[in-house]
There are 4 protein chains.
Amino acid sequence: MNVKINFINDYNAAGHPGIIGAVQAACRNKYVGYGLDEETEKAKHLIRKLIGNDNAQVHFLTGGTQTNMIALSAFLRPYEAVIAPKPAHILVHETGAIEAAGHKILIAGEEGGKIKPEDIRAIALQHENEHMVRPKLVFISQATEYGTVYSLDELTALRGVCDELGLLLYMDGARLAPALVSVGGNASICDIARLTDAFYMGGTKNGLLFGEALVINNTDIGEDFRYYMKQRGGLLAKGFLLGIQFGYALESGLYFDIPKQANATAALLTGGLRRLGCAFAVETCTNQVFPIIKNEFIPALERDFLFEIWERINETLSCIRLVTTWDTTGEQVNAFVSRYGELAGVL
Amino acid sequence: MNVKINFINDYNAAGHPGIIGAVQAACRNKYVGYGLDEETEKAKHLIRKLIGNDNAQVHFLTGGTQTNMIALSAFLRPYEAVIAPKPAHILVHETGAIEAAGHKILIAGEEGGKIKPEDIRAIALQHENEHMVRPKLVFISQATEYGTVYSLDELTALRGVCDELGLLLYMDGARLAPALVSVGGNASICDIARLTDAFYMGGTKNGLLFGEALVINNTDIGEDFRYYMKQRGGLLAKGFLLGIQFGYALESGLYFDIPKQANATAALLTGGLRRLGCAFAVETCTNQVFPIIKNEFIPALERDFLFEIWERINETLSCIRLVTTWDTTGEQVNAFVSRYGELAGVL
Amino acid sequence: MNVKINFINDYNAAGHPGIIGAVQAACRNKYVGYGLDEETEKAKHLIRKLIGNDNAQVHFLTGGTQTNMIALSAFLRPYEAVIAPKPAHILVHETGAIEAAGHKILIAGEEGGKIKPEDIRAIALQHENEHMVRPKLVFISQATEYGTVYSLDELTALRGVCDELGLLLYMDGARLAPALVSVGGNASICDIARLTDAFYMGGTKNGLLFGEALVINNTDIGEDFRYYMKQRGGLLAKGFLLGIQFGYALESGLYFDIPKQANATAALLTGGLRRLGCAFAVETCTNQVFPIIKNEFIPALERDFLFEIWERINETLSCIRLVTTWDTTGEQVNAFVSRYGELAGVL
Amino acid sequence: MNVKINFINDYNAAGHPGIIGAVQAACRNKYVGYGLDEETEKAKHLIRKLIGNDNAQVHFLTGGTQTNMIALSAFLRPYEAVIAPKPAHILVHETGAIEAAGHKILIAGEEGGKIKPEDIRAIALQHENEHMVRPKLVFISQATEYGTVYSLDELTALRGVCDELGLLLYMDGARLAPALVSVGGNASICDIARLTDAFYMGGTKNGLLFGEALVINNTDIGEDFRYYMKQRGGLLAKGFLLGIQFGYALESGLYFDIPKQANATAALLTGGLRRLGCAFAVETCTNQVFPIIKNEFIPALERDFLFEIWERINETLSCIRLVTTWDTTGEQVNAFVSRYGELAGVL
């Protein structure tokens with residue numbers, strides 16, 4: 001077991017004790033299989049109420065790659081393609097799962113986490129006949145891979161260009177909870193439900209043992225969705241485990257308390273490092289922080305802390321990634337900031 | 001919550017309290033992601049020791065359909081086909097997952113749970129050139145869909161025909177634990193590891209929250225297996241949850257205690273019903289029982305018990321399926337037997 | 001070059017001289033690519049007129065496996081399955097092309113070329129939820145693999161059961177022309193266009209160099225069909241070659257003259273052999289004949305004739321397949337019948 | 001029929017009269033099906049002799065998209081990816097056929113037709129574990145999409161980086177013949193066979209009715225290739241049509257005479273336009289020419305000539321594409337050059 005302070009990711013612990021308690025409490029009950037039980041029904045109801053859409057389909061899946069792959073498979077015909085920004089998780093870090101399901105991903109824009117309406121329009125207009133794929137779905141993440149958040153205005157503009165071009169808008173919400181409670185975001189979950197055709201609410205990275213809740217707002221897509229889930233290995237026999245966890249997290253308020261703690265400690269990190277003169281690769285407002293540090297500091301930091309080296313910028317500097325979570329403490333943040341200060345000679 | 005006595009399946013409860021306890025105990029620890037942690041390593045080591053093969057690959061997945069689909073995808077080239085018996089789960093109850101991954105399943109033999117060497121040989125010999133698929137893998141289940149168990153002789157004969165024809169032998173072990181501890185079986189897990197190219201040890205139906213352990217014995221297959229897992233949505237971010245559960249179940253002996261209780265109560269059911277003159281569709285020795293009952297008894301039984309109607313045989317009779325599990329009690333069995341006796345007028 | 005008399009199949013010659021002449025005549029012309037030329041447009045118009053449906057989509061493809069694979073890919077969603085009779089070409093002789101495109105084929109009925117409404121209904125009713133594929137399309141061949149022909153009544157009954165169950169009816173017409181001019185058939189091409197959702201008119205086995213004409217009658221399916229053609233390698237750059245051939249064959253009447261000669265020589269074969277006491281595996285009325293002969297005759301027949309041994313029935317008898325075509329002559333038929341008579345000792 | 005002078009592509013005519021003559025001459029012969037005939041065997045032998053490799057596999061297919069899709073499907077495992085330059089035909093103009101077969105294409109380098117070793121190395125080094133696809137095959141075209149040709153040095157360098165990184169090198173030779181006879185190229189077909197793992201020799205764009213000859217030089221890949229061909233609809237029933245055409249084209253020398261005429265008229269076009277002050281988007285040495293002309297000239301040119309507008313550069317200028325072929329004449333070239341001169345006011 002590692003005794004270093006862990007800033008490496010937000011899925012390094014089994015789950016929040018409250019969640020595990022809820023699973024344990026249900027231990028002697030009996031449930032119908034495959035997510036047709038009452039606990040799952042209750043969790044779906046809570047989500048529909050939360051987003052203000054009684055007609056939305058809700059499905060619980062096990063992980064993010066699985067959710068993206070199954071959802072996009074269901075929403076697209078074989079020749080239809082996805083438009084995604086360059087750092088999109090489906091484009092880089094899901095081992096070609098979308099292509100393995102038969103769909104091309106078209107890269108919009110250059111480096112940087114967010115996609116812009118003009119990037120989408122440019123791609124859509126280049127694809128004009130049956131010798132090319134047909135762009136059909138825009139993939140975004142909230143929060144983005146770089147910890148930033150699309151504003152309500154930005155999302156409204158993306159919806160506009162999607163409507164103009166006949167495209168679907170899909171949001172990967174692996175880290176949706178941190179985005180929703182972020183001081184830097186102003187799009188509510190009702191806005192997101194209204195502006196996207198489908199999105200998912202992440203559980204794995206937000207204190208659940210595992211699980212993601214896919215919400216399909218557009219009634220024109222998602223027909224026979226459970227067939228896709230089953231065919232692609234995403235229909236959990238004990239689906240009630242997902243219903244129990246999401247139901248508890250939402251009913252208790254934990255789903256939104258967890259990311260507040262994560263964001264708060266991330267803000268502490270950002271503030272502390274900035275005061276010591278540290279620069280950042282990107283300004284974030286969620287639970288990921290991307291400081292730029294001298295390469296020579298890295299070995300010393302790695303003695304006490306776990307984190308990812310995001311990018312070797314040059315021979316002198318690197319961008320590292322620090323991720324906070326529901327169990328990150330102020331003490332842990334202070335320990336990192338102090339150590340950095342010592343190394344930088346400013347403390 | 002249902003207060004009826006539940007014989008409907010073996011995945012109707014969250015998991016054995018011991019398993020949940022193990023997860024809870026690990027709650028405040030931190031782990032490396034994606035199954036690269038020490039708990040997973042330890043569980044793999046326990047399995048390798050159990051089967052007596054230090055070179056076997058072990059991978060933990062979330063469910064049975066996912067395991068079958070990913071394993072067969074990895075073991076087969078696009079034009080290679082599977083041979084499976086008529087009731088095989090992959091053939092009937094996995095929504096065409098294997099075909100969705102591109103592979104034909106060739107049906108061997110007629111109704112009844114087991115495949116025979118001559119069925120395999122007949123199919124293999126019919127497929128002789130590039131206008132047909134090439135049979136490459138024989139799929140069996142232990143226990144079978146009908147609760148029966150392949151004997152050591154039967155498995156040895158299947159291995160023989162596979163060697164003769166250049167085929168792989170794969171075993172779906174969703175209910176392997178009940179088969180291993182069954183009085184009706186004589187093939188040990190070491191025999192199975194020696195005679196198959198790959199098999200999986202079921203967890204979901206054996207008291208775990210979820211999880212299956214795929215064992216790849218043949219070193220010629222399974223290269224880059226983690227790529228397949230990730231690409232098809234089967235690489236759990238918190239893979240350590242699988243390692244913790246399998247590690248605990250094996251180390252504590254629970255993995256083999258759980259099916260003993262399930263088999264014992266199933267044997268009680270069989271014995272009790274037989275003494276009352278009840279016939280069975282198939283003679284089983286694991287945790288599934290298939291009595292043939294009068295259709296007129298069904299509504300009365302359904303008032304107090306949950307079970308599946310397996311097959312409407314004719315206007316008078318049906319075969320039902322009763323499944324027992326680690327928390328089935330003698331009292332529950334007696335209640336069913338008594339109720340049946342009353343209805344049949346023999347008690 | 002083989003000087004034996006060739007009864008082995010109906011694609012053993014480049015093409016009818018008329019067809020090749022039409023291609024040659026077009027040799028110095030210039031055409032738009034990918035089937036958007038006037039010759040293709042004209043051929044489509046001729047087919048729409050022939051079938052009496054101005055709204056039908058017509059697409060020209062290169063071969064039968066390609067046509068079936070692309071059509072079924074376009075008509076089905078990933079979890080939807082095909083129902084086909086046991087000897088169906090897609091089931092046995094297309095190397096799993098339909099499964100490689102992701103779709104299960106469900107086998108209806110037992111040996112024998114034709115599918116019956118009750119076979120379809122039985123399969124459809126077994127598939128009731130998302131744990132199983134959803135049957136969606138019935139695949140038949142006209143003429144069948146055994147050279148027989150569905151009557152108008154039979155086709156009407158199949159349409160009926162498809163309507164009842166929400167299924168599509170698709171006809172593989174690799175040998176449609178022989179069926180249409182057969183004395184044993186009474187369903188016209190207008191009937192077929194009215195009763196099926198889609199079918200194809202074979203060219204490769206009917207005197208063209210190559211080519212099949214897919215007709216999509218149902219306006220609810222086939223959207224964006226050219227995308228499927230291109231994506232799966234079926235959109236020929238020089239699509240006009242297909243238009244020229246079909247246009248010429250239809251305009252000149254050759255499309256229906258060719259199979260008349262083939263059927264007539266097949267009937268001569270059947271009559272001649274029957275008069276010598278020969279039995280047949282199946283009664284055919286198109287250009288395939290399936291006599292049952294003594295195994296001991298085969299080597300002698302193979303000295304002068306090319307044909308396929310269809311099935312070794314037992315140690316004494318085999319069923320062989322004799323295929324006639326537009327250039328089979330009465331002399332060739334008489335040569336075979338005489339040789340058989342000598343061997344059988346009846347001449 | 002269009003009476004404009006046609007520079008639109010190199011597949012606008014049925015085929016060279018010599019080729020059609022060869023097909024016609026074979027008209028009354030009988031052949032074994034599916035490319036197992038002697039004509040095909042002879043053509044394969046001619047190709048093996050031409051490239052100086054007796055062990056190469058040769059397969060004949062119908063078109064370029066089909067050839068690329070089937071070859072790459074056969075050479076790659078599901079998680080393996082292709083590296084291709086930005087304008088690659090498979091990346092842009094084949095409707096996602098490679099992705100539909102399950103493989104991601106990674107884009108190397110920026111605009112411009114050729115890929116460089118450092119582009120390949122950069123991509124390969126970014127892909128380091130099972131969360132990303134594994135780059136496995138480098139796709140190049142000879143001639144490129146822009147009519148340019150890789151030199152022997154360039155190909156040798158690409159081979160070097162492929163060896164270094166364990167990658168396969170595949171060449172799309174839709175326009176290989178023009179490249180081989182180009183004054184601007186110095187890599188012979190023997191060099192290409194030695195330096196690539198597989199490549200194809202285009203027929204469709206080089207005077208054949210249709211057909212491409214895939215050559216697999218690397219004996220470690222391509223096992224069971226005919227299964228892939230059949231499964232994906234690429235095994236032509238009358239495969240002998242491909243053998244006859246390639247056999248004739250190679251034996252008669254036509255395969256290399258045809259592109260000489262095409263290149264010569266392209267060079268005339270380039271020279272003529274350059275003398276009139278016209279600029280070019282790219283310097284080509286094969287049968288494609290990319291002049292940059294004023295947008296205002298386009299309508300006038302379109303009255304007499306067919307050509308493609310390749311790219312609208314800005315409000316004043318466009319790049320157009322002129323393609324020559326075996327039947328382009330000096331008169332046709334002169335007509336275009338004169339008309340351009342008139343419009344440009346320099347004649």
# chains A, B, ... in the order shown; residues from 1 in each chain; ligands from 1

$ interface_residues --of "chain D" --to "chain C" --cutoff "7 Å" --atoms "only C-alpha atoms" --output "ChimeraX atom specification"
/D:2,11-15,17,20,24,26-33,63,65-66,94-97,227,230-233,236-238,241

$ select_by_dssp --residues "region 164-293 of chain A" --states "strand (DSSP E)" --output "CSV table (one decimal) with N, CA, C and O atoms, in the first residue's frame"
chain,number,residue,atom,x,y,z
A,168,LEU,N,-25.9,15.8,-33.8
A,168,LEU,CA,-26.2,15.5,-32.4
A,168,LEU,C,-25.1,16.0,-31.5
A,168,LEU,O,-23.9,16.1,-32.0
A,169,LEU,N,-25.4,16.4,-30.3
A,169,LEU,CA,-24.4,16.9,-29.4
A,169,LEU,C,-24.4,16.0,-28.2
A,169,LEU,O,-25.4,15.7,-27.5
A,170,TYR,N,-23.2,15.4,-28.0
A,170,TYR,CA,-23.0,14.4,-26.9
A,170,TYR,C,-22.0,14.8,-25.9
A,170,TYR,O,-20.9,15.3,-26.4
A,171,MET,N,-22.2,14.7,-24.6
A,171,MET,CA,-21.3,15.1,-23.6
A,171,MET,C,-20.8,14.0,-22.8
A,171,MET,O,-21.6,13.3,-22.1
A,172,ASP,N,-19.5,13.8,-22.7
A,172,ASP,CA,-18.9,12.8,-21.9
A,172,ASP,C,-18.8,13.5,-20.5
A,172,ASP,O,-18.0,14.5,-20.4
A,198,ALA,N,-27.6,13.8,-25.7
A,198,ALA,CA,-27.3,12.8,-24.6
A,198,ALA,C,-26.0,13.2,-23.9
A,198,ALA,O,-25.2,13.9,-24.5
A,199,PHE,N,-26.0,12.8,-22.6
A,199,PHE,CA,-24.7,13.1,-21.8
A,199,PHE,C,-24.7,12.0,-20.8
A,199,PHE,O,-25.7,11.3,-20.5
A,200,TYR,N,-23.5,11.9,-20.2
A,200,TYR,CA,-23.5,10.9,-19.0
A,200,TYR,C,-23.0,11.6,-17.8
A,200,TYR,O,-22.1,12.5,-17.8
A,201,MET,N,-23.5,11.2,-16.6
A,201,MET,CA,-23.1,11.7,-15.3
A,201,MET,C,-22.1,10.7,-14.7
A,201,MET,O,-22.5,9.5,-14.4
A,202,GLY,N,-20.9,11.1,-14.6
A,202,GLY,CA,-19.9,10.1,-14.1
A,202,GLY,C,-20.1,9.7,-12.6
A,202,GLY,O,-20.4,10.6,-11.8
A,212,GLU,N,-21.7,4.8,-14.4
A,212,GLU,CA,-21.9,6.0,-15.1
A,212,GLU,C,-23.4,6.0,-15.5
A,212,GLU,O,-24.0,5.0,-15.8
A,213,ALA,N,-24.1,7.2,-15.4
A,213,ALA,CA,-25.5,7.3,-15.8
A,213,ALA,C,-25.7,8.0,-17.1
A,213,ALA,O,-25.4,9.2,-17.2
A,214,LEU,N,-26.0,7.2,-18.1
A,214,LEU,CA,-26.2,7.8,-19.4
A,214,LEU,C,-27.7,8.4,-19.5
A,214,LEU,O,-28.6,7.7,-19.2
A,215,VAL,N,-27.8,9.6,-19.9
A,215,VAL,CA,-29.1,10.3,-20.1
A,215,VAL,C,-29.3,10.6,-21.6
A,215,VAL,O,-28.5,11.3,-22.2
A,216,ILE,N,-30.4,10.1,-22.1
A,216,ILE,CA,-30.7,10.4,-23.5
A,216,ILE,C,-31.9,11.3,-23.6
A,216,ILE,O,-33.0,10.9,-23.2
A,279,ALA,N,3.7,28.8,-12.5
A,279,ALA,CA,2.8,29.1,-13.6
A,279,ALA,C,2.0,27.8,-13.9
A,279,ALA,O,2.3,26.7,-13.4
A,280,PHE,N,1.0,27.9,-14.7
A,280,PHE,CA,0.1,26.8,-15.0
A,280,PHE,C,-0.1,26.7,-16.5
A,280,PHE,O,-0.2,27.7,-17.2
A,288,GLN,N,-8.7,19.2,-11.4
A,288,GLN,CA,-7.4,18.9,-12.0
A,288,GLN,C,-6.6,20.2,-12.1
A,288,GLN,O,-7.2,21.2,-12.4
A,289,VAL,N,-5.3,20.1,-11.8
A,289,VAL,CA,-4.5,21.3,-11.7
A,289,VAL,C,-3.2,20.9,-12.6
A,289,VAL,O,-2.7,19.8,-12.4
A,291,PRO,N,0.2,22.5,-13.0
A,291,PRO,CA,1.3,23.4,-12.9
A,291,PRO,C,2.5,23.1,-13.8
A,291,PRO,O,2.7,21.9,-14.2
A,292,ILE,N,3.2,24.1,-14.1
A,292,ILE,CA,4.5,23.9,-14.9
A,292,ILE,C,5.6,24.0,-13.9
A,292,ILE,O,5.8,25.1,-13.2
A,293,ILE,N,6.4,23.0,-13.9
A,293,ILE,CA,7.5,23.0,-12.9
A,293,ILE,C,8.8,22.6,-13.5
A,293,ILE,O,8.8,22.1,-14.6

$ select_by_dssp --residues "region 34-71 of chain A" --states "alpha helix (DSSP H)" --output "ChimeraX atom specification"
/A:38-51,64-71

$ residues_around --residues "Ile51 (chain D)" --least-positions-apart "5" --cutoff "10 Å" --atoms "only C-alpha atoms" --output "number ranges by chain"
D: 46, 56, 188-194, 215, 217

$ write_last_selection --atoms "all heavy atoms" --output "PDB file, in the first residue's frame"
ATOM      1  N   LEU D  46       3.435 -13.856 -64.184  1.00  0.00           N
ATOM      2  CA  LEU D  46       4.042 -12.692 -64.844  1.00  0.00           C
ATOM      3  C   LEU D  46       4.408 -11.615 -63.823  1.00  0.00           C
ATOM      4  O   LEU D  46       5.452 -10.963 -63.931  1.00  0.00           O
ATOM      5  CB  LEU D  46       3.080 -12.125 -65.896  1.00  0.00           C
ATOM      6  CG  LEU D  46       2.893 -12.967 -67.157  1.00  0.00           C
ATOM      7  CD1 LEU D  46       1.709 -12.445 -67.988  1.00  0.00           C
ATOM      8  CD2 LEU D  46       4.171 -12.953 -68.017  1.00  0.00           C
ATOM      9  N   ALA D  56       6.158 -14.157 -53.667  1.00  0.00           N
ATOM     10  CA  ALA D  56       5.106 -13.183 -53.378  1.00  0.00           C
ATOM     11  C   ALA D  56       3.739 -13.799 -53.632  1.00  0.00           C
ATOM     12  O   ALA D  56       3.538 -14.550 -54.581  1.00  0.00           O
ATOM     13  CB  ALA D  56       5.290 -11.947 -54.250  1.00  0.00           C
ATOM     14  N   SER D 188      12.147   1.391 -59.048  1.00  0.00           N
ATOM     15  CA  SER D 188      11.569   0.395 -59.958  1.00  0.00           C
ATOM     16  C   SER D 188      10.555  -0.455 -59.218  1.00  0.00           C
ATOM     17  O   SER D 188      10.453  -0.414 -57.992  1.00  0.00           O
ATOM     18  CB  SER D 188      12.682  -0.504 -60.489  1.00  0.00           C
ATOM     19  OG  SER D 188      13.107  -1.361 -59.439  1.00  0.00           O
ATOM     20  N   ILE D 189       9.811  -1.257 -59.960  1.00  0.00           N
ATOM     21  CA  ILE D 189       8.840  -2.129 -59.310  1.00  0.00           C
ATOM     22  C   ILE D 189       9.557  -3.175 -58.465  1.00  0.00           C
ATOM     23  O   ILE D 189       9.022  -3.623 -57.442  1.00  0.00           O
ATOM     24  CB  ILE D 189       7.858  -2.743 -60.344  1.00  0.00           C
ATOM     25  CG1 ILE D 189       6.626  -3.275 -59.608  1.00  0.00           C
ATOM     26  CG2 ILE D 189       8.527  -3.823 -61.180  1.00  0.00           C
ATOM     27  CD1 ILE D 189       5.443  -3.544 -60.478  1.00  0.00           C
ATOM     28  N   CYS D 190      10.766  -3.548 -58.829  1.00  0.00           N
ATOM     29  CA  CYS D 190      11.532  -4.469 -57.986  1.00  0.00           C
ATOM     30  C   CYS D 190      11.921  -3.793 -56.676  1.00  0.00           C
ATOM     31  O   CYS D 190      11.879  -4.405 -55.611  1.00  0.00           O
ATOM     32  CB  CYS D 190      12.781  -4.956 -58.705  1.00  0.00           C
ATOM     33  SG  CYS D 190      12.409  -6.005 -60.106  1.00  0.00           S
ATOM     34  N   ASP D 191      12.295  -2.518 -56.750  1.00  0.00           N
ATOM     35  CA  ASP D 191      12.578  -1.771 -55.523  1.00  0.00           C
ATOM     36  C   ASP D 191      11.349  -1.744 -54.616  1.00  0.00           C
ATOM     37  O   ASP D 191      11.437  -1.956 -53.411  1.00  0.00           O
ATOM     38  CB  ASP D 191      12.960  -0.315 -55.859  1.00  0.00           C
ATOM     39  CG  ASP D 191      14.276  -0.206 -56.612  1.00  0.00           C
ATOM     40  OD1 ASP D 191      15.168  -1.057 -56.373  1.00  0.00           O
ATOM     41  OD2 ASP D 191      14.410   0.713 -57.450  1.00  0.00           O
ATOM     42  N   ILE D 192      10.231  -1.463 -55.226  1.00  0.00           N
ATOM     43  CA  ILE D 192       8.992  -1.355 -54.451  1.00  0.00           C
ATOM     44  C   ILE D 192       8.647  -2.687 -53.811  1.00  0.00           C
ATOM     45  O   ILE D 192       8.262  -2.754 -52.635  1.00  0.00           O
ATOM     46  CB  ILE D 192       7.869  -0.818 -55.365  1.00  0.00           C
ATOM     47  CG1 ILE D 192       8.095   0.687 -55.576  1.00  0.00           C
ATOM     48  CG2 ILE D 192       6.493  -1.094 -54.786  1.00  0.00           C
ATOM     49  CD1 ILE D 192       7.297   1.294 -56.689  1.00  0.00           C
ATOM     50  N   ALA D 193       8.795  -3.755 -54.575  1.00  0.00           N
ATOM     51  CA  ALA D 193       8.505  -5.087 -54.020  1.00  0.00           C
ATOM     52  C   ALA D 193       9.458  -5.414 -52.881  1.00  0.00           C
ATOM     53  O   ALA D 193       9.085  -6.065 -51.909  1.00  0.00           O
ATOM     54  CB  ALA D 193       8.592  -6.139 -55.119  1.00  0.00           C
ATOM     55  N   ARG D 194      10.677  -4.954 -52.970  1.00  0.00           N
ATOM     56  CA  ARG D 194      11.676  -5.217 -51.948  1.00  0.00           C
ATOM     57  C   ARG D 194      11.451  -4.363 -50.706  1.00  0.00           C
ATOM     58  O   ARG D 194      11.675  -4.806 -49.579  1.00  0.00           O
ATOM     59  CB  ARG D 194      13.069  -4.941 -52.546  1.00  0.00           C
ATOM     60  CG  ARG D 194      14.258  -5.155 -51.661  1.00  0.00           C
ATOM     61  CD  ARG D 194      15.568  -4.980 -52.453  1.00  0.00           C
ATOM     62  NE  ARG D 194      15.606  -3.754 -53.253  1.00  0.00           N
ATOM     63  CZ  ARG D 194      15.937  -2.536 -52.787  1.00  0.00           C
ATOM     64  NH1 ARG D 194      16.253  -2.372 -51.529  1.00  0.00           N
ATOM     65  NH2 ARG D 194      15.958  -1.473 -53.602  1.00  0.00           N
ATOM     66  N   VAL D 215      -0.060  -7.402 -54.285  1.00  0.00           N
ATOM     67  CA  VAL D 215       1.152  -8.202 -54.138  1.00  0.00           C
ATOM     68  C   VAL D 215       1.564  -8.177 -52.667  1.00  0.00           C
ATOM     69  O   VAL D 215       1.763  -7.101 -52.101  1.00  0.00           O
ATOM     70  CB  VAL D 215       2.287  -7.639 -55.011  1.00  0.00           C
ATOM     71  CG1 VAL D 215       3.551  -8.482 -54.857  1.00  0.00           C
ATOM     72  CG2 VAL D 215       1.858  -7.571 -56.475  1.00  0.00           C
ATOM     73  N   ASN D 217       4.442  -9.183 -50.320  1.00  0.00           N
ATOM     74  CA  ASN D 217       5.839  -9.606 -50.373  1.00  0.00           C
ATOM     75  C   ASN D 217       6.297 -10.260 -49.083  1.00  0.00           C
ATOM     76  O   ASN D 217       7.167 -11.120 -49.087  1.00  0.00           O
ATOM     77  CB  ASN D 217       6.733  -8.383 -50.605  1.00  0.00           C
ATOM     78  CG  ASN D 217       6.245  -7.559 -51.754  1.00  0.00           C
ATOM     79  OD1 ASN D 217       6.139  -8.062 -52.863  1.00  0.00           O
ATOM     80  ND2 ASN D 217       5.901  -6.306 -51.495  1.00  0.00           N
TER      81      ASN D 217
END

$ closest_residue --among "B:Thr316, B:Leu276, B:Glu283, B:Val138" --to "Ala344 (chain B)" --atoms "only C-alpha atoms"
B:Leu276

$ atom_distance --atom1 "CA of Phe290 (chain B)" --atom2 "CA of Glu311 (chain B)"
9.9 Å

$ residues_around --residues "Lys260 (chain A)" --least-positions-apart "5" --cutoff "10 Å" --atoms "only C-alpha atoms" --output "list in words"
Ala177, Pro178, Ala179, Leu180, Val181, Ser182, Val183, Leu254, Tyr255, Thr265, Ala266, Thr286, Asn287, Thr325 and Trp326 of chain A

$ write_last_selection --atoms "N, CA, C and O atoms" --output "short mmCIF file (atom, residue, chain, number, x, y, z; two decimals), in the first residue's frame"
data_model
loop_
_atom_site.label_atom_id
_atom_site.label_comp_id
_atom_site.auth_asym_id
_atom_site.auth_seq_id
_atom_site.Cartn_x
_atom_site.Cartn_y
_atom_site.Cartn_z
N ALA A 177 -19.72 16.13 -12.43
CA ALA A 177 -20.04 16.67 -11.10
C ALA A 177 -19.10 17.81 -10.71
O ALA A 177 -19.56 18.88 -10.31
N PRO A 178 -17.77 17.64 -10.83
CA PRO A 178 -16.88 18.78 -10.54
C PRO A 178 -17.20 20.01 -11.39
O PRO A 178 -17.09 21.14 -10.92
N ALA A 179 -17.60 19.79 -12.63
CA ALA A 179 -17.93 20.93 -13.49
C ALA A 179 -19.19 21.63 -13.01
O ALA A 179 -19.28 22.86 -13.01
N LEU A 180 -20.17 20.85 -12.59
CA LEU A 180 -21.45 21.44 -12.18
C LEU A 180 -21.32 22.30 -10.92
O LEU A 180 -22.02 23.30 -10.78
N VAL A 181 -20.44 21.90 -10.03
CA VAL A 181 -20.31 22.67 -8.78
C VAL A 181 -19.14 23.65 -8.84
O VAL A 181 -18.82 24.29 -7.83
N SER A 182 -18.53 23.78 -10.00
CA SER A 182 -17.36 24.64 -10.12
C SER A 182 -17.76 26.11 -10.09
O SER A 182 -18.78 26.50 -10.69
N VAL A 183 -16.95 26.91 -9.45
CA VAL A 183 -17.20 28.36 -9.48
C VAL A 183 -16.98 28.91 -10.88
O VAL A 183 -17.47 29.98 -11.21
N LEU A 254 -24.70 13.49 -1.75
CA LEU A 254 -23.28 13.18 -1.85
C LEU A 254 -22.73 13.42 -3.27
O LEU A 254 -21.57 13.81 -3.42
N TYR A 255 -23.58 13.20 -4.27
CA TYR A 255 -23.12 13.37 -5.65
C TYR A 255 -22.56 14.77 -5.90
O TYR A 255 -21.66 14.95 -6.72
N THR A 265 -10.10 21.63 -2.71
CA THR A 265 -8.68 21.32 -2.49
C THR A 265 -7.86 21.63 -3.74
O THR A 265 -6.70 22.04 -3.65
N ALA A 266 -8.47 21.47 -4.91
CA ALA A 266 -7.77 21.86 -6.14
C ALA A 266 -7.53 23.37 -6.16
O ALA A 266 -6.45 23.84 -6.54
N THR A 286 -11.82 23.04 -11.86
CA THR A 286 -12.36 21.79 -11.33
C THR A 286 -11.27 21.07 -10.56
O THR A 286 -10.38 21.72 -10.02
N ASN A 287 -11.31 19.73 -10.55
CA ASN A 287 -10.41 19.01 -9.64
C ASN A 287 -9.11 18.55 -10.29
O ASN A 287 -8.49 17.61 -9.82
N THR A 325 -9.59 14.74 -4.97
CA THR A 325 -10.81 13.95 -4.91
C THR A 325 -11.50 14.18 -3.57
O THR A 325 -11.09 15.07 -2.80
N TRP A 326 -12.57 13.43 -3.33
CA TRP A 326 -13.38 13.66 -2.11
C TRP A 326 -12.58 13.46 -0.83
O TRP A 326 -12.95 14.00 0.21
#

$ residues_around --residues "region 337-339 of chain B" --least-positions-apart "6" --cutoff "7 Å" --atoms "only C-alpha atoms" --output "ChimeraX atom specification"
/B:269,272-273

$ residues_around --residues "Ile115 (chain B)" --least-positions-apart "5" --cutoff "8 Å" --atoms "only C-alpha atoms" --output "NGL selection string"
:B and (84-85 or 108-109 or 120 or 140)

$ residues_around --residues "Ile83 (chain B)" --least-positions-apart "5" --cutoff "8 Å" --atoms "only C-alpha atoms" --output "list of chain:residue names"
B:Ile105, B:Leu106, B:Ile107, B:Ala108, B:Ile120, B:Ile123, B:Pro135, B:Lys136, B:Leu137, B:Val138, B:Phe139
